[in-house]
Structures are given as C-alpha cells and as structure tokens.
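**Student:** Structure file input-v2.cif (mmCIF, C-alpha atoms) is given on the next line.
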```cif
data_entry
loop_
_atom_site.label_atom_id
_atom_site.label_comp_id
_atom_site.auth_asym_id
_atom_site.auth_seq_id
_atom_site.Cartn_x
_atom_site.Cartn_y
_atom_site.Cartn_z
CA MET F 1 90.83 36.91 120.15
CA PHE F 2 87.93 34.51 120.67
CA VAL F 3 88.71 34.30 124.38
CA ARG F 4 88.65 38.09 124.61
CA LEU F 5 85.30 38.24 122.85
CA ALA F 6 83.72 35.75 125.24
CA HIS F 7 85.23 37.43 128.29
CA PHE F 8 84.14 40.91 127.22
CA ALA F 9 80.59 39.72 126.53
CA ASP F 10 80.57 37.81 129.83
CA TRP F 11 79.48 34.57 128.16
CA SER F 12 79.83 31.50 130.34
CA SER F 13 81.24 28.27 128.93
CA ASN F 14 77.75 26.78 129.12
CA SER F 15 76.01 29.51 127.14
CA SER F 16 74.76 28.97 123.61
CA GLU F 17 76.69 32.05 122.46
CA PHE F 18 79.94 30.57 123.74
CA HIS F 19 79.36 27.29 121.88
CA ILE F 20 78.57 29.16 118.66
CA LEU F 21 81.82 31.06 119.16
CA LEU F 22 83.70 27.76 119.45
CA GLU F 23 82.10 26.52 116.23
CA VAL F 24 83.18 29.67 114.42
CA LYS F 25 86.71 29.27 115.79
CA GLN F 26 86.83 25.68 114.54
CA GLU F 27 85.74 26.79 111.08
CA PHE F 28 88.51 29.39 111.05
CA ILE F 29 91.04 26.68 111.84
CA GLU F 30 89.60 24.51 109.08
CA HIS F 31 89.79 27.23 106.44
CA PHE F 32 92.89 29.19 107.44
CA ILE F 33 95.23 26.79 109.24
CA ASN F 34 94.61 23.33 107.85
CA PRO F 35 96.09 22.39 104.44
CA LEU F 36 94.41 23.80 101.35
CA PRO F 37 92.40 21.54 99.05
CA ALA F 38 94.64 19.79 96.52
CA LYS F 39 93.44 21.87 93.56
CA TRP F 40 94.92 24.95 95.24
CA GLY F 41 97.59 23.51 97.49
CA GLU F 42 99.52 21.96 94.60
CA LEU F 43 99.91 25.24 92.73
CA PRO F 44 103.42 26.73 93.14
CA TYR F 45 102.29 30.04 94.66
CA TYR F 46 99.96 28.51 97.23
CA ARG F 47 102.46 25.79 98.03
CA ARG F 48 105.01 28.51 98.77
CA VAL F 49 102.81 30.75 100.95
CA CYS F 50 100.38 28.19 102.42
CA GLY F 51 102.37 24.96 102.40
CA PRO F 52 103.87 23.23 105.45
CA GLU F 53 107.17 25.11 105.07
CA ALA F 54 105.56 28.54 104.62
CA SER F 55 105.96 29.64 108.23
CA GLY F 56 109.68 28.95 108.11
CA ILE F 57 109.51 26.91 111.28
CA ASN F 58 107.34 24.02 110.06
CA ILE F 59 105.04 24.04 113.08
CA PRO F 60 101.43 22.95 112.52
CA GLY F 61 98.87 25.61 113.33
CA ARG F 62 101.01 28.51 112.11
CA THR F 63 100.65 30.60 108.99
CA THR F 64 102.32 33.66 107.52
CA LEU F 65 100.67 36.99 106.81
CA GLU F 66 101.02 36.33 103.08
CA GLY F 67 99.46 32.91 103.49
CA TRP F 68 96.62 34.36 105.57
CA LEU F 69 95.87 36.97 102.92
CA ALA F 70 96.13 34.41 100.11
CA ARG F 71 93.54 32.23 101.83
CA TRP F 72 91.21 35.20 102.31
CA ALA F 73 91.57 36.04 98.61
CA LEU F 74 90.59 32.49 97.68
CA HIS F 75 87.79 32.48 100.20
CA LEU F 76 86.19 35.70 98.99
CA SER F 77 86.96 35.52 95.27
CA GLU F 78 83.48 34.38 94.26
CA MET F 79 81.48 36.26 96.91
CA LYS F 80 79.74 39.55 96.19
CA ARG F 81 77.32 40.07 99.09
CA PHE F 82 76.83 39.14 102.71
CA SER F 83 74.48 36.28 101.89
CA ASP F 84 77.24 34.69 99.77
CA LEU F 85 79.48 34.29 102.82
CA PRO F 86 79.75 30.87 104.45
CA LEU F 87 77.61 30.51 107.53
CA TYR F 88 80.48 30.72 109.98
CA LEU F 89 81.39 34.20 108.72
CA GLN F 90 77.77 35.28 108.89
CA TYR F 91 77.70 33.99 112.46
CA LEU F 92 80.96 35.83 113.18
CA CYS F 93 79.25 39.06 112.17
CA LYS F 94 76.35 38.38 114.52
CA ILE F 95 78.74 37.40 117.31
CA LEU F 96 80.72 40.62 116.94
CA PHE F 97 77.54 42.67 117.00
CA HIS F 98 76.27 41.02 120.19
CA VAL F 99 79.70 41.29 121.80
CA VAL F 100 79.90 45.04 121.21
CA ASP F 101 76.22 45.47 122.11
CA ARG F 102 76.68 43.54 125.32
CA ALA F 103 73.87 45.54 126.94
CA GLY F 104 71.47 43.88 124.49
CA SER F 105 69.84 47.13 123.40
CA GLY F 106 69.74 46.17 119.73
CA GLU F 107 72.10 48.93 118.66
CA ILE F 108 75.76 49.76 119.22
CA THR F 109 76.28 53.07 120.98
CA LYS F 110 79.41 55.17 120.73
CA GLN F 111 80.23 54.31 124.34
CA ALA F 112 79.85 50.58 123.64
CA LEU F 113 82.14 50.81 120.61
CA ALA F 114 84.73 52.69 122.66
CA ALA F 115 84.62 50.03 125.39
CA PHE F 116 85.11 47.32 122.75
CA TYR F 117 88.14 49.11 121.31
CA ARG F 118 89.70 49.42 124.76
CA SER F 119 88.95 46.00 126.22
CA VAL F 120 89.02 43.68 123.20
CA ILE F 121 91.17 45.41 120.60
CA GLY F 122 93.51 46.75 123.28
CA LEU F 123 93.69 50.40 122.23
CA THR F 124 94.80 52.94 124.79
CA GLY F 125 92.29 55.34 126.24
CA SER F 126 93.91 58.29 124.47
CA ARG F 127 93.81 56.50 121.11
CA VAL F 128 90.15 55.62 121.59
CA GLU F 129 89.32 59.24 122.39
CA GLU F 130 91.19 60.30 119.26
CA ILE F 131 89.31 58.03 116.86
CA ILE F 132 85.93 57.21 118.39
CA ASP F 133 84.00 60.14 116.89
CA THR F 134 85.40 59.45 113.43
CA ALA F 135 84.80 55.71 113.76
CA TYR F 136 81.21 56.09 114.85
CA ASN F 137 80.46 58.73 112.22
CA ARG F 138 81.89 56.56 109.45
CA MET F 139 79.87 53.55 110.58
CA THR F 140 76.63 55.53 110.88
CA SER F 141 77.00 57.95 107.93
CA ASN F 142 77.60 60.88 110.27
CA GLY F 143 74.82 59.83 112.60
CA TYR F 144 72.21 59.48 109.87
CA LEU F 145 71.90 55.74 110.57
CA ILE F 146 71.42 53.77 113.76
CA LEU F 147 74.19 51.23 114.26
CA ASP F 148 71.82 48.31 114.60
CA TYR F 149 72.49 44.82 113.27
CA GLY F 150 71.46 45.69 109.71
CA THR F 151 73.89 48.61 109.58
CA PHE F 152 76.60 46.52 111.20
CA VAL F 153 76.16 43.87 108.49
CA HIS F 154 76.98 46.50 105.86
CA CYS F 155 80.07 47.56 107.82
CA PHE F 156 81.17 43.95 108.28
CA THR F 157 80.69 43.20 104.58
CA ASN F 158 82.72 46.28 103.68
CA TRP F 159 85.43 45.10 106.08
CA LEU F 160 85.71 41.79 104.23
CA MET F 161 85.06 42.85 100.65
CA GLY F 162 85.86 46.55 100.44
CA LYS F 163 88.55 47.37 97.89
CA ASN F 164 89.05 51.05 98.69
CA PRO F 165 90.06 52.91 101.87
CA ASN F 166 87.78 55.08 104.00
CA GLY F 167 84.93 52.59 104.08
CA PRO F 168 83.02 51.94 107.32
CA GLY F 169 84.43 48.42 107.45
CA GLN F 170 87.88 49.57 108.49
CA TRP F 171 86.45 50.48 111.90
CA VAL F 172 84.84 47.10 112.66
CA LEU F 173 87.82 45.42 114.30
CA VAL F 174 91.20 47.10 114.01
CA PRO F 175 91.11 50.85 113.36
CA PRO F 176 93.94 52.26 111.23
CA LYS F 177 97.14 52.91 113.18
CA ASP F 178 98.25 55.89 111.12
CA SER F 179 96.68 59.33 111.02
CA LEU F 180 92.99 59.24 110.28
CA PRO F 181 92.28 59.06 106.53
CA GLN F 182 90.10 61.72 105.00
CA PRO F 183 87.19 60.71 102.76
CA PRO F 184 87.60 61.56 99.06
CA PHE F 185 84.56 63.86 99.25
CA PRO F 186 82.13 64.84 102.01
CA VAL F 187 78.60 63.48 102.04
CA ASP F 188 75.95 66.00 103.08
CA TYR F 189 72.59 64.54 104.07
CA SER F 190 70.95 67.83 105.02
CA ALA F 191 68.73 67.92 101.93
CA LEU F 192 67.09 64.67 103.01
CA ASN F 193 65.99 66.32 106.26
CA THR F 194 64.75 69.58 104.72
CA GLU F 195 61.07 70.43 104.58
CA PRO F 196 59.68 69.93 101.05
CA ALA F 197 58.60 73.58 100.85
CA LYS F 198 62.20 74.71 101.31
CA LEU F 199 63.67 72.49 98.60
CA GLU F 200 64.69 74.16 95.33
CA PRO F 201 64.12 72.51 91.95
CA TYR F 202 67.44 71.91 90.27
CA ALA F 203 68.27 73.84 87.10
CA PRO F 204 71.78 73.69 85.59
CA ASP F 205 71.71 77.35 84.50
CA LYS F 206 70.39 78.73 87.79
CA LYS F 207 72.71 79.94 90.53
CA THR F 208 71.76 78.83 94.02
CA ASN F 209 72.99 78.65 97.58
CA ARG F 210 72.15 74.97 97.92
CA HIS F 211 74.63 72.68 99.70
CA SER F 212 73.06 69.33 98.85
CA VAL F 213 71.47 67.74 95.82
CA ILE F 214 69.06 64.81 96.03
CA VAL F 215 69.77 62.47 93.14
#
```
Any chance you could give the structure as structure tokens?

**Tutor:**
Amino acid sequence: MFVRLAHFADWSSNSSEFHILLEVKQEFIEHFINPLPAKWGELPYYRRVCGPEASGINIPGRTTLEGWLARWALHLSEMKRFSDLPLYLQYLCKILFHVVDRAGSGEITKQALAAFYRSVIGLTGSRVEEIIDTAYNRMTSNGYLILDYGTFVHCFTNWLMGKNPNGPGQWVLVPPKDSLPQPPFPVDYSALNTEPAKLEPYAPDKKTNRHSVIV
C-alpha cells in the first residue's frame, strides 16, 4: 500500500514526502505488528488474537484480521478527535490528502479521487464510475463543501472513529463492496443558500411549502 501511494504521487526515494511515508510505515509496524505491551499482551483475549500463535503459522510480521481490529480498538479507545491521534496517524492523513491531490491544487477534485480509486485502491473503471458521484457527494455534503485538507481531516477522522454506516469516512480508502448504502435521511442545504427575503419564519401551526429548516 505504501509503495502504491509513493508511486501514484510520483515521489522519489530522495523526497521529504517519501521519507515521511517511511516513518509512518515504521510506526504502523511498531503498533500493529510488533508484540503488544505486557499490560495488554498478557490478557487471555489479546494473547489469543495478537500473540505469536495468532496467525496460525507463527511467522513474525503477520497478524490476523481479528488481531488487527483488536489493536485498532486499543489504539483508538481513548481518542475522541483528530488532535488526539498519534502524530503518525495525523501524518498519514496529510499524506493521503497530498497523494490524492497530486496536482497540488489544495483540494481534491472528483477526477483526482476517481484516479486514486483506480490506481491505488485497484477498483475497475466501471466500479469507479458507479460510485464516484456518491463518494464525492458524501465527502463534500452534496457539493456544499470543498474537499480541501480541512474537510478531508473530518472524513479521515470519521473513517477511524465513526461508529455508524453512511459516514463520509467510508469513502476515504476502500469504498463499500456491496450496493451503495442509503443515508438514513436526506440533508437539504437549500435554505442556507436562499435569499433572506425569501425565508419564512417558522411557526408550528402554520402550513408551508418549505423544504428546509434552519436550526
């Protein structure tokens, strides 16, 4: 994955971005492959899913899906916001943003996101065409936001910490393989773009043709 990121972004092995990428990779190995600290590693559950025999083949550098998820749960258990993340995950977010925005425009376009899905994630062209509009709309609140670094941080944080489906974070790296999920309710931003003179004061006993309510 890290090799694909560097290749897609066209970072040479001498570039500062490439060396930051290597540092992030090393931190991943430290936190997700190497043995857990004793206070966790000696507990029966973590010994079973993260111990040396967990992979079933006893080869260093391997982990199971359950062990991977267990480590993420430990890693994120006390974190509530992006600034709580360890630096290497914050750098990973910035790396991903600059990889997708390889043109250096400061924002991720729909075309750039589609190219990332095809070249790095490995989706077929037909699959990208199927999901790209939905993906970009979810990450930009139906085009209301620009997918700049600040917006991408929110998507990345949702990817790591989101507890419910349909969040923008599910489109950061690996889009869902099944049919596209529908949001629990639509969000209509039209009232925010309406001229003040055309806005109606809300009254619970008054019938209206309004489609949006500003809360």

**Student:** What is the distance, in Å and to one decimal place, between atom CA of Gly150 of chain F and atom CA of Leu21 of chain F?

**Tutor:**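 If I compute the distance from atom CA of Gly150 of chain F to atom CA of Leu21 of chain F, I get 20.3 Å.
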
**Student:** I need the residue set behind the PyMOL selection byres ((chain F and resi 75) around 12) for this file; please write it as JSON, numbers by chain.

**Tutor:** {"F": [28, 31, 32, 36, 37, 40, 68, 69, 70, 71, 72, 73, 74, 76, 77, 78, 79, 80, 84, 85, 86, 89, 160, 161]}

**Student:** Taking the file as shown, find all residues satisfying the PyMOL selection byres ((chain F and resi 149) around 8) and write them as a PyMOL selection string.

**Tutor:** chain F and resi 94+97+106-107+147-148+150-153

**Student:** When you draw a straight line from atom CA of Ile108 of chain F to atom CA of Thr124 of chain F, how long is it in Å?

**Tutor:**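 One can read the atom CA of Ile108 of chain F to atom CA of Thr124 of chain F distance as 20.1 Å.
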
**Student:** So which one's closest to Gln170 of chain F, F:Arg138, F:Arg4, F:Arg118, F:Lys110? Using all atoms listed in the file, please.

**Tutor:** F:Arg138

**Student:** One decimal, Å: what's the distance from atom CA of Asn34 of chain F over to atom CA of Ser15 of chain F, could you say?

**Tutor:**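 Atom-to-atom, atom CA of Asn34 of chain F and atom CA of Ser15 of chain F are spaced 27.5 Å apart.
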
**Student:** I'd like to know which of F:Ala103, F:Leu199, F:Val172, F:Ile146 is closest to Ile132 of chain F, using only C-alpha atoms.

**Tutor:**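 Checking each candidate against Ile132 of chain F, we get F:Val172 as the closest.
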
**Student:** With a distance cut-off of 9 Å and all atoms listed in the file, select the neighbouring residues of Lys25 of chain F, excluding the residue or stretch itself and same-chain residues fewer than 5 positions from it, and output the selection as a list in words.

**Tutor:**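 Counting only the stated atoms, we get Phe2, Ile20, Glu30 and Tyr88 of chain F.
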
**Student:** Quick one: apply the PyMOL selection byres ((chain F and resi 18) around 10) to the file and drop the selected residues here as a PyMOL selection string.

**Tutor:** chain F and resi 2-3+5-7+9-17+19-24+95

**Student:** Taking into account only C-alpha atoms, which residue in the set F:Phe82, F:Lys198, F:Pro175, F:Pro52 is nearest to Thr134 of chain F?

**Tutor:** F:Pro175
